[in-house]
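**Student:** Structure provided below as structure tokens; questions to follow.
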Amino acid sequence: MRSDNFWLIWITLLAIVMRLGRLYFDPLFWRDCILYIQMAQQWFERGSYIGVLDCDRNASWIPPMSIFLIQALMHIGVSVEVAARLLTIIFGCSIPIIGYLISKVICRNRYIALCSALFFAVNPVLVDYSIQPTREVFYLVWCGLTLLFICKGIRYRNEKNWISSGCFCAVASLTRYESFELLIYVILYFSIATFIMKQYTFVMALKHCMLFFLAFFGVFILISFLSGTYRVIYDNYYSYLSNSDKIKAIRVIYR
Amino acid sequence: MFETLINTIPRGINELFAIGSITFCVICLVRKKINNIRFFLYVLIFVLLVLCSRIILEIISSRYVAILLYPAIIITSYSCLNIKKTLRLIFPNKYIIFRHIQCLLIAVICLICLGQTFHLDPYRNVFFETSNIIKQEVLKLKREGKQIEIWHYGNDSRRIEYYTGIKPTLLNVFSINIITEKISNFRFANTVLILYLTIDADASNCDINSMNICPEYTIKQLYSSYAGASRKKKVNVYRIDNNIYAGKISQKSFLADTKNESLIVGDIEHVVAKPQAQFRFTKHIRQHPMFLDESFNAPDNGRFDINNMADNNDFYYKTENCNAISGQNSLNMRSNKYLFYFFFDKKLYSGKYEFSVWVKGKPETSIVLFYNVHDIFTNKRTLHQVASFSLPDNNLYLLSGSFLCRIIDENYFTVGVGVSNGEAILDNFELHTIHDK
């Protein structure tokens with residue numbers, strides 16, 4: 001039996017081929033993709049997050065991570081469509097590896113882990129997510145990494161895994177609101193962990209919990225600042241509101 | 001709730017892996033023990049948490065359950081690799097049959113997944129085809145100096161805009177009567193209407209061609225196809241040409257032939273010297289340099305309006321003496337970006353009218369004729385477009401459009417004109433009542 005790395009390389013190659021094949025035969029963007037592409041284009045052109053909000057008039061704040069990544073890749077000189085497709089395919093092809101790692105921590109069986117990786121590579125839903133530049137594939141990668149480190153944290157009970165999971169949970173939350181439910185899950189775990197695990201003391205659980213949330217809030221605020229979303233909203237909130245009112249007024253007049 | 005559990009979630013994680021997850025439950029029941037039971041308990045808590053939140057929030061798209069792909073696939077893998085032991089417990093005498101069942105199961109799942117991935121929707125190119133048709137129409141019409149407007153019913157307005165470059169107007173409701181009424185009121189001179197309808201396949205019996213609209217319209221079906229393999233929806237694209245009048249003034253005016261009553265909505269020969277009162281503007285627009293000019297004047301029987309977002313360089317107005325189209329004065333309106341309006345004060349009531357104006361100006365200047373319904377109870381105004389026209393050259397044109405206005409109670413409407421994207425001189429505003437024969 002060859003090593004897991006050998007099989008993982010082949011599984012990743014299979015994932016790439018499947019995604020590229022699917023993209024070749026069905027290149028039409030989904031409805032929502034157009035919105036994200038327009039948002040990334042606006043962010044790139046205006047150089048700030050406020051352009052993103054102008055695309056979706058109902059929005060006062062949108063999790064910016066996926067759009068930020070797409071527009072960041074545009075700085076190398078590719079179009080928004082190429083940047084979006086490239087990123088989603090790269091992220092989509094990394095999901096089998098994340099799935100393999102999670103499976104290995106949960107099941108402690110390399111065959112189940114490799115089988116999971118294979119299924120992650122060929123799952124038609126994942127293949128579709130991996131070629132359409134919506135938030136799903138980014139969300140799945142960040143959530144997958146969060147789950148991986150949560151599993152490792154539960155299994156090995158060390159600080160670095162909880163800190164890592166907190167960091168990735170913050171990035172996931174900046175990709176989709178649904179990621180906040182991972183926080184509920186972590187709170188739920190820490191509230192029952194000391195009762196069901198004998199060697200896991202209350203102090204240890206409290207320490208891990210605090211580290212997780214410190215990492216979460218630290219990374220959340222840091223990325224918000226780095227991507228410019230926090231500052232832009234803070235500076236432009238009132239002018240944005242008045243502008244959106246005016247835009248609505250124009251629409252009424254046109255109607 | 002059941003819809004979410006039975007339909008949305010299996011679709012979100014793929015039905016195959018939903019079955020795999022159920023198989024896992026069966027294996028647990030049969031074997032009554034699994035390795036790392038505590039860990040699977042954590043997975044179960046996570047899955048229950050996610051399921052509860054999705055059921056409470058009543059998800060509408062299967063994409064909201066994407067996170068469940070992780071537990072579903074891992075559990076399915078576990079099931080595949082433990083099925084042999086389970087079957088051996090159920091059928092202890094037929095062990096040989098199940099010797100290679102694990103590999104077989106994995107291969108079958110992979111093959112089904114491959115099949116599902118590359119089973120292509122035969123109607124997947126519908127969107128590209130319709131977009132190409134619309135693009136070709138746009139090119140053709142541009143050569144003829146015409147404009148195009150898309151009306152869309154369905155959820156694809158963003159995609160239509162992205163693939164065709166034209167922002168469609170969204171129709172909120174689809175019914176032949178509503179579409180007929182909207183088209184009848186569509187009086188955009190020099191504009192061709194594209195109707196892009198994504199409707200239920202059953203509703204396609206509603207034949208747009210048989211609509212009872214004004215005879216000056218010609219309807220042509222450009223495209224018709226199912227929207228997807230499920231054949232539940234159908235995409236229909238129609239081209240609707242209106243032959244509304246927007247011709248050079250040297251041609252015989254059709255208005256001259258009408259024997260309908262002519263209402264004077266006001267003329268622009270009478271001007272007032274302090275025109276600030278005539279402008280419904282915000283404070284910063286009142287500081288426009290043109291208001292500081294002592295000789296500046298404006299018609300005494302109407303009001304101007306522009307969006308508050310306009311800056312002072314965006315619009316300009318003056319009464320034109322030297323280049324007046326007729327009489328002493330003509331309106332000279334300029335607006336670079338926003339629509340700059342002039343509304344007559346004359347109150348009008350229900351009826352069918354023909355509204356016309358003589359216009360000349362810079363090429364590509366947009367002229368729009370409006371009527372503005374005033375609701376006296378709510379103090380709300382609703383603008384309705386009568387006709388729009390983009391000036392192709394410097395010649396004098398007559399722009400005209402008819403409209404049917406039904407006013408209830410004490411409400412009334414006024415008529416007006418809007419200018420954007422250039423500069424135009426306007427004169428001879430005429431409003432005729434039309435009496436049906």
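Each chain of the structure tokens is named A, B, ... in the order shown, its residues numbered from 1; ligands are numbered from 1 in display order.
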Using only C-alpha atoms, determine which residues of chain B fall within 6 Å of chain A; present them as a ChimeraX atom specification.
**Tutor:** /B:74,77-78,113,117,383
**Student:** Got a sec: who's within 6 Å of region 39-51 of chain A, counting only C-alpha atoms, leaving out chain neighbours fewer than 5 positions off, as a PyMOL selection string?
**Tutor:** chain A and resi 67+71+229
**Student:** What separation in Å, quoted to one decimal, exists between CA of Thr23 (chain B) and CA of His100 (chain B)?
**Tutor:**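 Atom-to-atom, CA of Thr23 (chain B) and CA of His100 (chain B) are spaced 17.9 Å apart.
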**Student:** Just how far from CA of Gly154 (chain B) is CA of Ser388 (chain B), in Å to one decimal?
**Tutor:**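 Pair CA of Ser388 (chain B) / CA of Gly154 (chain B) returns 25.5 Å.
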**Student:** Between CA of Gln102 (chain B) and CA of Ser79 (chain B), what is the distance, to one decimal in Å?
**Tutor:**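 These two atoms are separated by 9.1 Å.
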**Student:** Between B:His374, B:Lys360, B:His119, B:Lys318, which residue has the minimum interatomic distance to Leu391 (chain B), considering only C-alpha atoms?
**Tutor:**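 Smallest distance to Leu391 (chain B) is found for B:Lys360.
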**Student:** Rank nothing, just name the residue among A:Pro63, A:Ser224, A:Ala205, A:Trp10 nearest to Ile192 (chain A), using only C-alpha atoms.
**Tutor:**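 Of A:Pro63, A:Ser224, A:Ala205, A:Trp10, the one nearest Ile192 (chain A), counting only C-alpha atoms, is A:Ala205.
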**Student:** Among region 46-213 of chain A, which ones does DSSP assign to helix (DSSP H, G or I) (computed from the backbone)? Answer as a ChimeraX atom specification.
**Tutor:** /A:46,50-55,65-74,80-107,110-122,124-129,136-156,159-173,177-196,202-213
**Student:** Between B:Ile106, B:Ser390, B:Arg63, B:Arg31, single out the one closest to Leu16 (chain B), counting only C-alpha atoms.
**Tutor:**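 When distances to Leu16 (chain B) are compared using only C-alpha atoms, the smallest one comes from B:Ile106.
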**Student:** Which residues are near Gly12 (chain B)? Cut-off 8 Å, only C-alpha atoms, ignore same chain within fewer than 2 positions. Put them as a list in words.
**Tutor:**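 Everything that qualifies: Val125 of chain A; Thr8, Ile9, Pro10, Asn14, Ser62, Arg63, Tyr64, Val65, Ala66 and Leu69 of chain B.
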**Student:** Take the residues from that selection and write them out as a PDB file, in the first residue's frame, keeping C-alpha atoms.
**Tutor:**
ATOM      1  CA  VAL A 125     -22.547  19.431  -5.417  1.00  0.00           C
TER       2      VAL A 125
ATOM      3  CA  THR B   8     -33.694  20.753   0.441  1.00  0.00           C
ATOM      4  CA  ILE B   9     -31.123  19.038   2.655  1.00  0.00           C
ATOM      5  CA  PRO B  10     -30.691  15.871   0.507  1.00  0.00           C
ATOM      6  CA  ASN B  14     -26.440  15.185  -2.881  1.00  0.00           C
ATOM      7  CA  SER B  62     -30.052  23.985  -0.701  1.00  0.00           C
ATOM      8  CA  ARG B  63     -26.794  25.919  -0.590  1.00  0.00           C
ATOM      9  CA  TYR B  64     -27.477  26.831   3.039  1.00  0.00           C
ATOM     10  CA  VAL B  65     -26.822  23.239   4.070  1.00  0.00           C
ATOM     11  CA  ALA B  66     -23.413  23.081   2.371  1.00  0.00           C
ATOM     12  CA  LEU B  69     -21.354  17.948   3.276  1.00  0.00           C
TER      13      LEU B  69
END
**Student:** Taking into account only C-alpha atoms, which residue in the set B:Ile134, B:Leu5, B:Val50, B:Leu195 is nearest to Leu183 (chain A)?
**Tutor:** B:Val50
